[in-house]
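So this block is data.cif, mmCIF, C-alpha atoms and all ligand atoms:
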```cif
data_my_file
loop_
_atom_site.label_atom_id
_atom_site.label_comp_id
_atom_site.auth_asym_id
_atom_site.auth_seq_id
_atom_site.Cartn_x
_atom_site.Cartn_y
_atom_site.Cartn_z
CA MET P 1 -54.88 165.28 -32.48
CA LEU P 2 -56.72 167.31 -35.13
CA TYR P 3 -53.66 169.56 -35.30
CA HIS P 4 -51.45 166.56 -36.14
CA LEU P 5 -54.00 165.15 -38.61
CA PHE P 6 -54.87 168.30 -40.53
CA TYR P 7 -52.05 170.81 -40.26
CA PRO P 8 -49.56 168.69 -42.29
CA LEU P 9 -52.13 168.73 -45.16
CA HIS P 10 -52.01 172.53 -45.40
CA THR P 11 -49.62 172.32 -48.36
CA THR P 12 -52.39 170.67 -50.42
CA VAL P 13 -55.46 172.23 -48.79
CA SER P 14 -54.46 175.75 -47.71
CA ALA P 15 -57.54 176.08 -45.46
CA PHE P 16 -55.88 173.60 -43.05
CA ASN P 17 -53.31 176.26 -42.30
CA VAL P 18 -55.78 177.53 -39.72
CA PHE P 19 -54.86 174.57 -37.44
CA ARG P 20 -51.51 176.25 -36.88
CA TYR P 21 -53.05 179.08 -34.90
CA ILE P 22 -53.32 178.79 -31.14
CA THR P 23 -56.20 181.31 -31.14
CA PHE P 24 -58.27 179.16 -33.52
CA ARG P 25 -57.59 175.95 -31.61
CA THR P 26 -58.32 177.64 -28.26
CA ILE P 27 -61.76 178.78 -29.43
CA TYR P 28 -62.63 175.32 -30.75
CA ALA P 29 -61.25 173.55 -27.67
CA SER P 30 -63.54 175.77 -25.62
CA LEU P 31 -66.58 175.08 -27.79
CA THR P 32 -65.82 171.34 -27.86
CA ALA P 33 -65.62 171.12 -24.05
CA LEU P 34 -68.78 173.21 -23.70
CA LEU P 35 -70.71 171.00 -26.12
CA ILE P 36 -69.52 167.78 -24.46
CA CYS P 37 -70.76 169.07 -21.09
CA LEU P 38 -74.08 170.31 -22.47
CA LEU P 39 -74.79 167.16 -24.49
CA LEU P 40 -73.65 164.57 -21.93
CA GLY P 41 -74.80 166.54 -18.85
CA PRO P 42 -78.45 165.38 -18.65
CA TRP P 43 -77.51 161.73 -19.30
CA PHE P 44 -74.65 161.89 -16.80
CA ILE P 45 -76.78 163.46 -14.05
CA LYS P 46 -79.43 160.76 -14.61
CA LYS P 47 -76.73 158.07 -14.22
CA LEU P 48 -75.44 159.64 -10.98
CA THR P 49 -78.98 159.78 -9.62
CA ALA P 50 -79.72 156.20 -10.69
CA HIS P 51 -76.59 154.99 -8.88
CA GLN P 52 -77.49 157.17 -5.88
CA ILE P 53 -74.21 159.08 -6.02
CA CYS P 54 -75.62 161.91 -3.96
CA GLN P 55 -74.35 164.50 -1.49
CA TYR P 56 -74.39 163.80 2.24
CA VAL P 57 -74.86 167.31 3.60
CA ARG P 58 -73.33 168.18 6.98
CA ASP P 59 -75.94 168.88 9.61
CA ASP P 60 -73.94 171.72 11.24
CA GLY P 61 -74.15 173.99 8.20
CA PRO P 62 -76.50 176.83 7.30
CA PRO P 63 -80.08 175.49 7.60
CA THR P 64 -80.83 176.18 3.91
CA HIS P 65 -78.29 173.49 2.96
CA THR P 66 -80.30 170.55 4.30
CA ALA P 67 -82.52 170.89 1.22
CA LYS P 68 -79.44 170.04 -0.86
CA THR P 69 -79.24 166.47 0.46
CA ASP P 70 -79.63 163.99 -2.39
CA THR P 71 -78.23 166.39 -5.02
CA PRO P 72 -76.10 164.19 -7.31
CA THR P 73 -72.36 164.76 -6.85
CA MET P 74 -69.09 163.83 -8.64
CA GLY P 75 -70.09 165.97 -11.64
CA GLY P 76 -66.37 166.79 -11.77
CA LEU P 77 -65.95 163.58 -13.78
CA LEU P 78 -67.84 165.23 -16.63
CA ILE P 79 -65.68 168.37 -16.34
CA LEU P 80 -62.50 166.28 -16.48
CA PHE P 81 -63.72 164.23 -19.44
CA SER P 82 -64.58 167.41 -21.39
CA ILE P 83 -61.27 169.13 -20.62
CA VAL P 84 -59.10 166.12 -21.41
CA THR P 85 -60.98 165.26 -24.63
CA ALA P 86 -60.98 168.86 -25.92
CA THR P 87 -57.27 169.32 -25.09
CA ILE P 88 -56.30 166.05 -26.78
CA LEU P 89 -58.38 166.95 -29.84
CA TRP P 90 -57.08 170.51 -30.31
CA GLY P 91 -53.70 170.64 -28.55
CA ASN P 92 -50.23 170.04 -29.91
CA LEU P 93 -49.49 166.66 -28.35
CA THR P 94 -45.73 167.01 -28.73
CA ASN P 95 -45.82 169.85 -26.18
CA PHE P 96 -44.35 168.94 -22.77
CA TYR P 97 -46.44 171.47 -20.81
CA VAL P 98 -49.72 170.16 -22.23
CA TRP P 99 -48.95 166.69 -20.88
CA MET P 100 -47.74 168.11 -17.58
CA VAL P 101 -50.98 169.98 -16.93
CA LEU P 102 -53.01 166.95 -18.04
CA LEU P 103 -50.98 164.81 -15.62
CA VAL P 104 -51.81 167.15 -12.73
CA THR P 105 -55.48 167.33 -13.73
CA ILE P 106 -55.85 163.56 -13.92
CA SER P 107 -53.86 162.75 -10.79
CA PHE P 108 -55.62 165.38 -8.65
CA GLY P 109 -58.85 164.07 -10.16
CA ALA P 110 -57.90 160.58 -8.96
CA ILE P 111 -57.25 161.88 -5.42
CA GLY P 112 -60.61 163.68 -5.44
CA PHE P 113 -62.29 160.56 -6.84
CA ALA P 114 -60.91 158.42 -4.00
CA ASP P 115 -62.22 160.98 -1.49
CA ASP P 116 -65.70 161.11 -3.05
CA TYR P 117 -65.80 157.33 -3.47
CA ILE P 118 -65.06 156.74 0.22
CA MET P 119 -67.81 159.27 1.14
CA GLN P 120 -70.24 157.34 -1.04
CA ARG P 121 -69.20 153.94 0.34
CA LYS P 122 -69.43 155.12 3.94
CA LYS P 123 -72.57 157.16 3.19
CA GLN P 124 -71.28 160.22 5.07
CA SER P 125 -69.91 163.71 4.39
CA ARG P 126 -66.25 162.82 5.17
CA GLY P 127 -63.99 160.90 2.78
CA LEU P 128 -60.19 160.48 2.79
CA ARG P 129 -58.34 161.78 5.84
CA GLY P 130 -57.22 165.39 5.31
CA ARG P 131 -53.58 164.45 5.89
CA SER P 132 -53.54 161.60 3.37
CA LYS P 133 -55.18 163.82 0.77
CA LEU P 134 -52.62 166.57 1.36
CA LEU P 135 -49.71 164.13 1.22
CA MET P 136 -50.83 162.78 -2.18
CA GLN P 137 -51.25 166.32 -3.52
CA VAL P 138 -47.78 167.28 -2.28
CA VAL P 139 -46.21 164.26 -4.01
CA VAL P 140 -47.75 165.31 -7.35
CA GLY P 141 -46.75 168.96 -6.74
CA LEU P 142 -43.13 167.98 -6.00
CA LEU P 143 -43.04 165.82 -9.11
CA VAL P 144 -44.22 168.74 -11.26
CA GLY P 145 -41.71 171.10 -9.61
CA ALA P 146 -38.87 168.59 -10.14
CA LEU P 147 -39.80 167.95 -13.80
CA LEU P 148 -39.80 171.70 -14.47
CA TYR P 149 -36.54 172.23 -12.57
CA LYS P 150 -34.85 169.50 -14.60
CA ARG P 151 -35.74 171.16 -17.88
CA ALA P 152 -32.75 173.02 -19.26
CA ASP P 153 -34.88 175.89 -20.57
CA PHE P 154 -37.01 176.41 -17.44
CA ASP P 155 -36.38 179.61 -15.55
CA THR P 156 -36.46 179.46 -11.73
CA HIS P 157 -36.83 183.23 -11.34
CA VAL P 158 -40.23 184.42 -10.16
CA SER P 159 -41.94 187.60 -11.30
CA VAL P 160 -43.79 189.88 -8.91
CA PRO P 161 -46.81 191.85 -10.22
CA PHE P 162 -46.28 195.64 -10.41
CA LEU P 163 -42.53 195.24 -9.71
CA LYS P 164 -40.78 194.28 -12.91
CA GLU P 165 -37.31 194.77 -11.38
CA LEU P 166 -37.99 192.19 -8.67
CA ASN P 167 -37.22 188.72 -10.06
CA PRO P 168 -35.63 186.60 -7.32
CA ASP P 169 -34.03 183.33 -8.45
CA LEU P 170 -35.31 180.53 -6.21
CA GLY P 171 -32.97 177.85 -7.63
CA TRP P 172 -33.92 174.36 -6.35
CA ALA P 173 -36.35 175.96 -3.87
CA TYR P 174 -38.53 176.60 -6.92
CA ILE P 175 -39.64 172.94 -6.60
CA VAL P 176 -41.09 173.67 -3.14
CA PHE P 177 -42.56 176.97 -4.34
CA ALA P 178 -44.30 175.29 -7.31
CA THR P 179 -45.71 172.64 -4.95
CA LEU P 180 -47.07 175.35 -2.65
CA VAL P 181 -48.79 177.14 -5.53
CA ILE P 182 -50.33 173.97 -7.00
CA VAL P 183 -51.45 172.36 -3.74
CA GLY P 184 -52.57 175.69 -2.22
CA THR P 185 -54.74 176.55 -5.22
CA SER P 186 -56.25 173.08 -5.31
CA ASN P 187 -57.34 173.30 -1.67
CA ALA P 188 -58.50 176.91 -1.92
CA VAL P 189 -60.82 176.01 -4.83
CA ASN P 190 -62.08 173.07 -2.79
CA LEU P 191 -62.96 175.36 0.14
CA THR P 192 -64.77 177.75 -2.22
CA ASP P 193 -66.97 174.95 -3.56
CA GLY P 194 -69.75 175.35 -1.01
CA LEU P 195 -72.55 177.19 -2.88
CA ASP P 196 -74.10 176.52 -6.29
CA GLY P 197 -71.73 177.77 -9.00
CA LEU P 198 -69.55 179.54 -6.46
CA ALA P 199 -66.36 177.68 -7.40
CA ILE P 200 -66.91 177.00 -11.09
CA GLY P 201 -67.71 180.67 -11.87
CA PRO P 202 -64.39 182.10 -10.60
CA VAL P 203 -62.50 179.02 -11.95
CA THR P 204 -63.88 179.81 -15.42
CA VAL P 205 -62.96 183.49 -15.09
CA ALA P 206 -59.45 182.60 -13.89
CA ALA P 207 -59.03 180.11 -16.76
CA ALA P 208 -60.08 182.78 -19.27
CA THR P 209 -57.47 185.10 -17.74
CA TYR P 210 -54.82 182.41 -18.12
CA VAL P 211 -55.82 181.93 -21.78
CA VAL P 212 -54.52 185.47 -22.28
CA LEU P 213 -51.49 185.05 -19.99
CA SER P 214 -50.38 181.75 -21.57
CA TYR P 215 -50.79 183.17 -25.04
CA VAL P 216 -48.67 186.24 -24.34
CA THR P 217 -45.91 184.43 -22.42
CA GLY P 218 -45.64 181.84 -25.19
CA HIS P 219 -45.43 184.45 -27.97
CA VAL P 220 -41.86 185.69 -28.26
CA LYS P 221 -42.73 189.06 -29.82
CA ILE P 222 -45.59 189.94 -27.46
CA ALA P 223 -43.64 188.70 -24.41
CA ASN P 224 -40.66 190.88 -25.35
CA TYR P 225 -42.88 193.86 -26.07
CA LEU P 226 -44.60 193.52 -22.67
CA GLN P 227 -41.24 192.74 -21.01
CA LEU P 228 -42.51 189.39 -19.74
CA ARG P 229 -40.48 186.25 -19.30
CA TYR P 230 -40.90 184.33 -22.55
CA VAL P 231 -41.62 180.64 -21.95
CA ALA P 232 -41.25 178.72 -25.21
CA GLY P 233 -44.17 176.33 -25.69
CA SER P 234 -46.37 177.80 -22.94
CA GLY P 235 -48.75 179.24 -25.57
CA GLU P 236 -50.18 175.73 -26.03
CA LEU P 237 -51.58 175.99 -22.49
CA ALA P 238 -54.06 178.53 -23.89
CA ILE P 239 -55.77 175.53 -25.51
CA PHE P 240 -55.99 173.71 -22.18
CA CYS P 241 -57.29 176.87 -20.47
CA GLY P 242 -59.79 177.37 -23.30
CA ALA P 243 -61.04 173.81 -22.73
CA LEU P 244 -61.33 174.64 -19.03
CA VAL P 245 -63.40 177.74 -19.83
CA GLY P 246 -65.74 175.69 -22.06
CA ALA P 247 -66.09 172.86 -19.54
CA GLY P 248 -66.63 175.43 -16.76
CA MET P 249 -69.47 177.13 -18.63
CA GLY P 250 -70.97 173.77 -19.57
CA PHE P 251 -70.89 172.57 -15.97
CA LEU P 252 -72.30 175.87 -14.72
CA TRP P 253 -75.32 175.24 -16.92
CA PHE P 254 -76.27 172.46 -14.50
CA ASN P 255 -74.53 173.67 -11.33
CA SER P 256 -76.12 177.15 -11.34
CA TYR P 257 -78.63 177.81 -8.55
CA PRO P 258 -80.56 175.64 -7.78
CA ALA P 259 -77.88 173.08 -8.64
CA GLU P 260 -78.82 169.84 -10.39
CA VAL P 261 -75.33 168.46 -9.67
CA PHE P 262 -72.24 169.23 -7.53
CA MET P 263 -68.72 168.70 -8.82
CA GLY P 264 -67.37 166.86 -5.75
CA ASP P 265 -63.67 166.71 -4.88
CA VAL P 266 -63.12 164.94 -8.20
CA GLY P 267 -63.83 168.37 -9.71
CA SER P 268 -62.60 170.94 -7.19
CA LEU P 269 -59.16 169.43 -6.49
CA PRO P 270 -58.02 169.06 -10.15
CA LEU P 271 -59.46 172.42 -11.25
CA GLY P 272 -57.42 174.24 -8.60
CA GLY P 273 -54.36 172.06 -9.27
CA ALA P 274 -54.56 172.78 -12.99
CA LEU P 275 -54.82 176.55 -12.47
CA GLY P 276 -51.82 176.42 -10.14
CA THR P 277 -49.79 174.46 -12.71
CA VAL P 278 -50.64 176.90 -15.51
CA ALA P 279 -49.62 179.81 -13.24
CA VAL P 280 -46.29 178.10 -12.53
CA VAL P 281 -45.50 177.25 -16.16
CA THR P 282 -46.42 180.69 -17.47
CA LYS P 283 -44.34 182.38 -14.74
CA HIS P 284 -47.37 184.21 -13.40
CA GLU P 285 -47.34 182.48 -10.04
CA PHE P 286 -47.80 185.52 -7.78
CA LEU P 287 -50.41 186.99 -10.09
CA LEU P 288 -52.58 183.97 -9.29
CA VAL P 289 -53.20 185.55 -5.88
CA LEU P 290 -55.04 188.32 -7.75
CA VAL P 291 -56.53 186.23 -10.58
CA GLY P 292 -57.85 183.72 -8.07
CA GLY P 293 -58.51 186.34 -5.38
CA ILE P 294 -61.84 184.74 -4.44
CA PHE P 295 -60.08 181.48 -3.59
CA VAL P 296 -57.50 183.37 -1.54
CA ILE P 297 -60.22 185.23 0.41
CA GLU P 298 -62.05 181.95 1.08
CA ALA P 299 -58.89 180.18 2.24
CA LEU P 300 -57.82 183.11 4.45
CA SER P 301 -61.27 183.25 6.04
CA VAL P 302 -60.82 179.61 7.09
CA ILE P 303 -57.25 180.13 8.33
CA PHE P 304 -58.24 183.18 10.42
CA GLN P 305 -61.44 181.59 11.70
CA VAL P 306 -59.77 178.34 12.77
CA GLY P 307 -56.75 180.19 14.24
CA PHE P 308 -58.94 182.62 16.20
CA PHE P 309 -61.24 179.78 17.29
CA LYS P 310 -58.27 177.85 18.75
CA VAL P 311 -56.52 180.81 20.37
CA THR P 312 -59.67 182.18 21.99
CA ASN P 313 -61.18 178.81 22.95
CA GLY P 314 -64.21 178.93 20.71
CA ARG P 315 -64.74 182.59 19.71
CA ARG P 316 -65.28 183.36 16.03
CA ILE P 317 -64.45 186.19 13.60
CA PHE P 318 -67.09 185.15 11.07
CA ARG P 319 -70.48 183.66 11.77
CA MET P 320 -69.13 180.61 9.93
CA ALA P 321 -66.15 179.86 7.68
CA PRO P 322 -65.52 179.68 4.74
CA ILE P 323 -66.72 183.25 4.31
CA HIS P 324 -69.61 182.45 1.92
CA HIS P 325 -71.39 180.82 4.88
CA HIS P 326 -70.91 184.05 6.87
CA PHE P 327 -72.90 186.04 4.31
CA GLU P 328 -75.55 183.33 4.11
CA LEU P 329 -76.00 183.44 7.88
CA LYS P 330 -76.19 187.24 7.71
CA GLY P 331 -79.32 186.74 5.62
CA TRP P 332 -78.05 187.22 2.05
CA SER P 333 -79.80 184.81 -0.28
CA GLU P 334 -77.58 182.14 -1.84
CA PRO P 335 -77.79 183.53 -5.43
CA LYS P 336 -76.85 187.00 -4.13
CA VAL P 337 -73.66 185.70 -2.45
CA ILE P 338 -72.77 183.73 -5.58
CA VAL P 339 -73.32 186.51 -8.11
CA ARG P 340 -71.53 189.09 -5.94
CA PHE P 341 -68.52 186.76 -5.64
CA TRP P 342 -68.55 186.33 -9.45
CA ILE P 343 -68.56 190.10 -9.87
CA ILE P 344 -65.50 190.35 -7.62
CA ALA P 345 -63.81 187.52 -9.58
CA ILE P 346 -64.36 189.36 -12.89
CA MET P 347 -63.04 192.63 -11.43
CA LEU P 348 -59.93 190.85 -10.15
CA ALA P 349 -59.39 189.21 -13.53
CA LEU P 350 -59.52 192.58 -15.28
CA LEU P 351 -57.11 194.04 -12.73
CA SER P 352 -54.75 191.11 -13.30
CA ILE P 353 -54.73 191.62 -17.05
CA SER P 354 -54.00 195.30 -16.49
CA THR P 355 -50.76 194.32 -14.70
CA LEU P 356 -49.37 193.32 -18.10
CA LYS P 357 -49.08 197.06 -18.71
CA LEU P 358 -48.89 198.42 -15.13
CA ARG P 359 -45.43 197.28 -14.12
C1 LIG W 401 -65.53 171.23 1.23
N1 LIG W 401 -67.72 171.14 0.77
C2 LIG W 401 -68.98 171.51 1.01
C3 LIG W 401 -69.76 169.07 -2.89
C4 LIG W 401 -68.65 169.87 -3.48
C5 LIG W 401 -61.41 173.42 7.71
C6 LIG W 401 -62.85 173.60 7.30
C7 LIG W 401 -63.25 175.01 7.27
C8 LIG W 401 -63.04 172.86 5.96
C9 LIG W 401 -64.34 173.07 5.30
C10 LIG W 401 -64.48 172.08 4.21
O1 LIG W 401 -64.55 170.91 4.42
N2 LIG W 401 -64.48 172.59 2.99
C11 LIG W 401 -64.32 171.86 1.77
C12 LIG W 401 -66.70 172.08 1.11
C13 LIG W 401 -70.08 170.53 0.47
O2 LIG W 401 -69.92 170.30 -0.95
C14 LIG W 401 -69.38 169.11 -1.41
O3 LIG W 401 -67.96 169.13 -1.38
C15 LIG W 401 -67.49 169.31 -2.72
C16 LIG W 401 -66.26 170.17 -2.76
N3 LIG W 401 -65.25 169.55 -2.03
O4 LIG W 401 -68.56 169.71 -4.86
O5 LIG W 401 -69.72 167.77 -3.38
C17 LIG W 401 -71.40 171.23 0.68
O6 LIG W 401 -71.33 172.51 0.04
C18 LIG W 401 -72.62 172.84 -0.51
N4 LIG W 401 -72.48 173.02 -1.99
C19 LIG W 401 -73.46 173.70 -2.63
N5 LIG W 401 -73.37 173.88 -4.00
C20 LIG W 401 -72.31 173.38 -4.73
O7 LIG W 401 -72.26 173.61 -5.99
O8 LIG W 401 -74.40 174.17 -2.02
C21 LIG W 401 -71.41 172.51 -2.68
C22 LIG W 401 -71.30 172.69 -4.05
C23 LIG W 401 -72.59 170.54 0.07
C24 LIG W 401 -73.55 171.68 -0.15
O9 LIG W 401 -74.17 171.99 1.05
O10 LIG W 401 -73.05 169.55 0.96
C25 LIG W 401 -69.16 171.68 2.53
O11 LIG W 401 -69.33 172.85 2.92
O12 LIG W 401 -69.14 170.67 3.23
N6 LIG W 401 -65.38 172.99 6.26
C26 LIG W 401 -66.48 173.68 6.14
O13 LIG W 401 -66.71 174.25 5.13
C27 LIG W 401 -67.36 173.76 7.34
N7 LIG W 401 -66.93 174.87 8.15
C28 LIG W 401 -66.68 174.85 9.48
O14 LIG W 401 -66.77 173.83 10.09
N8 LIG W 401 -66.33 176.07 10.03
C29 LIG W 401 -66.09 176.32 11.42
C30 LIG W 401 -64.59 176.63 11.66
C31 LIG W 401 -64.31 176.92 13.09
C32 LIG W 401 -63.72 175.53 11.08
C33 LIG W 401 -66.85 177.57 11.84
O15 LIG W 401 -66.77 178.57 11.12
O16 LIG W 401 -67.54 177.50 12.84
C34 LIG W 401 -68.79 174.02 6.95
N9 LIG W 401 -69.30 173.12 5.99
C35 LIG W 401 -70.62 172.82 5.98
N10 LIG W 401 -71.37 173.15 6.93
N11 LIG W 401 -71.18 172.10 5.00
C36 LIG W 401 -69.61 174.04 8.19
C37 LIG W 401 -70.99 173.91 7.98
#
```

Structure rendered as structure tokens:
Amino acid sequence: MLYHLFYPLHTTVSAFNVFRYITFRTIYASLTALLICLLLGPWFIKKLTAHQICQYVRDDGPPTHTAKTDTPTMGGLLILFSIVTATILWGNLTNFYVWMVLLVTISFGAIGFADDYIMQRKKQSRGLRGRSKLLMQVVVGLLVGALLYKRADFDTHVSVPFLKELNPDLGWAYIVFATLVIVGTSNAVNLTDGLDGLAIGPVTVAAATYVVLSYVTGHVKIANYLQLRYVAGSGELAIFCGALVGAGMGFLWFNSYPAEVFMGDVGSLPLGGALGTVAVVTKHEFLLVLVGGIFVIEALSVIFQVGFFKVTNGRRIFRMAPIHHHFELKGWSEPKVIVRFWIIAIMLALLSISTLKLR
């Protein structure tokens, strides 16, 4: 909005020229989202507590988690408000991809909200049925895939990290592929969200990585220089990712151990969905496996644990899945698990950025 208000005035006030730059708007989108979270956070947490919107902790989890009962939840609403406001303020609102990623964020937020709301109404730790939740996510994913496929300038080739010669064209199957990436990431982030700051830390790191990736794929000269697929208009997603970084840091202020608030599904589902959408639009879909490696490890730990549990009639690979519970039950303190997972997330992000050159 500020871009549309001020940039046209640059002919009279040359200082307004700065609104043209994606870098400038990304930094301010990030700071705006951070400030919104920091300023509204205490008031919002008080409201959640006053309305008794609190977590119902499962009684079969690690014993340390029972102390978390009554922690306010649905803090994701604050994250969403900060991201959407900062993106609308600093983004170019004529950009198709900006609206697409906002659409995914808001609709996945609505699915998460319904889930959390049911949990609150029923006063228990289970909300929407897993299948209904998945079906709604798939519908949004397919819609995004179809909208992209219909665009004349969208490329249905996929790029594989480290192998620049390998660019298979998926054709219409790209719609299914995009859905898989978006829905898979959304659920993997949701599974990761089981310790204070465990999900929002790596989400923030991944968003910062995608600030760089969106910027370079949307910049014709840099994209050509790095031999990347140039996606016209994708640079504007750097502003959205910047807002995500700001909101992530702002939320972490309150969600860091010991957490004053949890994000709830209204936070975890849209954050993952948004990262998946950015990966799809910027043509860095496979790289998301590395950028979001923590989410992949968490999801795989569940898949292997549940699979092994079923095949062997009750035997387990990990003490408990997702894998963060395994380390907790091994005796690592909660902050140690969290910070070590953050360290891995940062390492993976650096590795991912290095693939821009190592191909
Ligand atoms: C949700 N949600 C947390 C909070 C957060 C298939 C199965 C493995 C699924 C999995 C599952 O349901 N995972 C997704 C994880 C919950 O947090 C709420 O949920 C929101 C995210 N959706 O924002 O609102 C609890 O996580 C803790 N938490 C924090 N700090 C935070 O910042 O400490 C969350 C955020 C909170 C709090 O304790 O109550 C959750 O874990 O429920 N299921 C599981 O994760 C369960 N695993 C399991 O059953 N494993 C089995 C195998 C055979 C399937 C096994 O290994 O034996 C565990 N979940 C819990 N306890 N809580 C089991 C034990």

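Shortest separation to ligand LIG 401 (chain W) among P:Gly109, P:Gly171, P:Gly218, P:Pro322 occurs at residue P:Pro322, atoms counted being all atoms listed in the file.
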
- Message: Taking only C-alpha atoms and all ligand atoms into account, which residues have an atom no farther than 6 Å from ligand LIG 401 (chain W)? I'd like them as an MDAnalysis selection string.
- Response: chainID P and resid 55 57:58 60:61 65 68 73 190:191 193:197 255 262:265 268 302 305:306 309 320:322

Residue subset to file, keeping C-alpha atoms, as a short mmCIF file (atom, residue, chain, number, x, y, z; two decimals), in the frame of the given file:
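Saved result, again_32.cif, follows:
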```cif
data_model
loop_
_atom_site.label_atom_id
_atom_site.label_comp_id
_atom_site.auth_asym_id
_atom_site.auth_seq_id
_atom_site.Cartn_x
_atom_site.Cartn_y
_atom_site.Cartn_z
CA GLN P 55 -74.35 164.50 -1.49
CA VAL P 57 -74.86 167.31 3.60
CA ARG P 58 -73.33 168.18 6.98
CA ASP P 60 -73.94 171.72 11.24
CA GLY P 61 -74.15 173.99 8.20
CA HIS P 65 -78.29 173.49 2.96
CA LYS P 68 -79.44 170.04 -0.86
CA THR P 73 -72.36 164.76 -6.85
CA ASN P 190 -62.08 173.07 -2.79
CA LEU P 191 -62.96 175.36 0.14
CA ASP P 193 -66.97 174.95 -3.56
CA GLY P 194 -69.75 175.35 -1.01
CA LEU P 195 -72.55 177.19 -2.88
CA ASP P 196 -74.10 176.52 -6.29
CA GLY P 197 -71.73 177.77 -9.00
CA ASN P 255 -74.53 173.67 -11.33
CA PHE P 262 -72.24 169.23 -7.53
CA MET P 263 -68.72 168.70 -8.82
CA GLY P 264 -67.37 166.86 -5.75
CA ASP P 265 -63.67 166.71 -4.88
CA SER P 268 -62.60 170.94 -7.19
CA VAL P 302 -60.82 179.61 7.09
CA GLN P 305 -61.44 181.59 11.70
CA VAL P 306 -59.77 178.34 12.77
CA PHE P 309 -61.24 179.78 17.29
CA MET P 320 -69.13 180.61 9.93
CA ALA P 321 -66.15 179.86 7.68
CA PRO P 322 -65.52 179.68 4.74
#
```

- Tell me which protein, DNA and RNA residues are within 8 Å of region 175-182 of chain P, counting only C-alpha atoms, leaving out same-chain ones fewer than 4 positions away, and put them as a PyMOL selection string. chain P and resi 138+140-142+144-146+148-149+186+272-277+280+285

Kindly provide the residues of region 152-240 of chain P that approach region 27-51 of chain P to within 10 Å, each paired with its closest atom pair and their distance in Å to one decimal, based on only C-alpha atoms, listed by chain and increasing number, as a tab-separated table.
```
residue	atom	partner	partner_atom	distance
P:Ala238	CA	P:Ile27	CA	9.5
P:Ile239	CA	P:Ala29	CA	6.2
P:Phe240	CA	P:Ala29	CA	7.6
```

- Residue neighbourhood Arg229 (chain P), 10 Å, all atoms listed in the file, exclusion window fewer than 6 positions, as a ChimeraX atom specification: /P:155,157-159,216-218,220,223,282-284

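Counting only C-alpha atoms and comparing P:Gly331, P:Gly75, P:Gly91, P:Pro62, the residue that lies closest to Leu5 (chain P) is P:Gly91.
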
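Counting all atoms listed in the file, the residue from P:Tyr3, P:Phe24, P:Tyr230, P:Phe251 that sits nearest to Ile88 (chain P) is P:Tyr3.
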
- Using all atoms listed in the file, the residue out of P:Leu166, P:Ile222, P:Ala232, P:Ala208 with shortest distance to Val291 (chain P) is P:Ala208

- Tell me, in Å to one decimal, how far CA of Asn95 (chain P) is from CA of Thr209 (chain P). 21.0 Å

- Message: At a cut-off of 7 Å, using only C-alpha atoms, what residues contact Leu244 (chain P)? Leave out same-chain residues fewer than 6 positions from it and give the result as a PyMOL selection string.
- Response: chain P and resi 83+204+207

- Could you check which of P:Met136, P:Ala279, P:Leu300, P:Pro258 is closest to Ala67 (chain P), using only C-alpha atoms? P:Pro258

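Closest approach to Glu298 (chain P) among P:Leu80, P:Ile343, P:Val212, P:Leu198 is made by P:Leu198 (distances from all atoms listed in the file).
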
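A straight line drawn from CA of Gly250 (chain P) to CA of Met100 (chain P) is 24.0 Å long.
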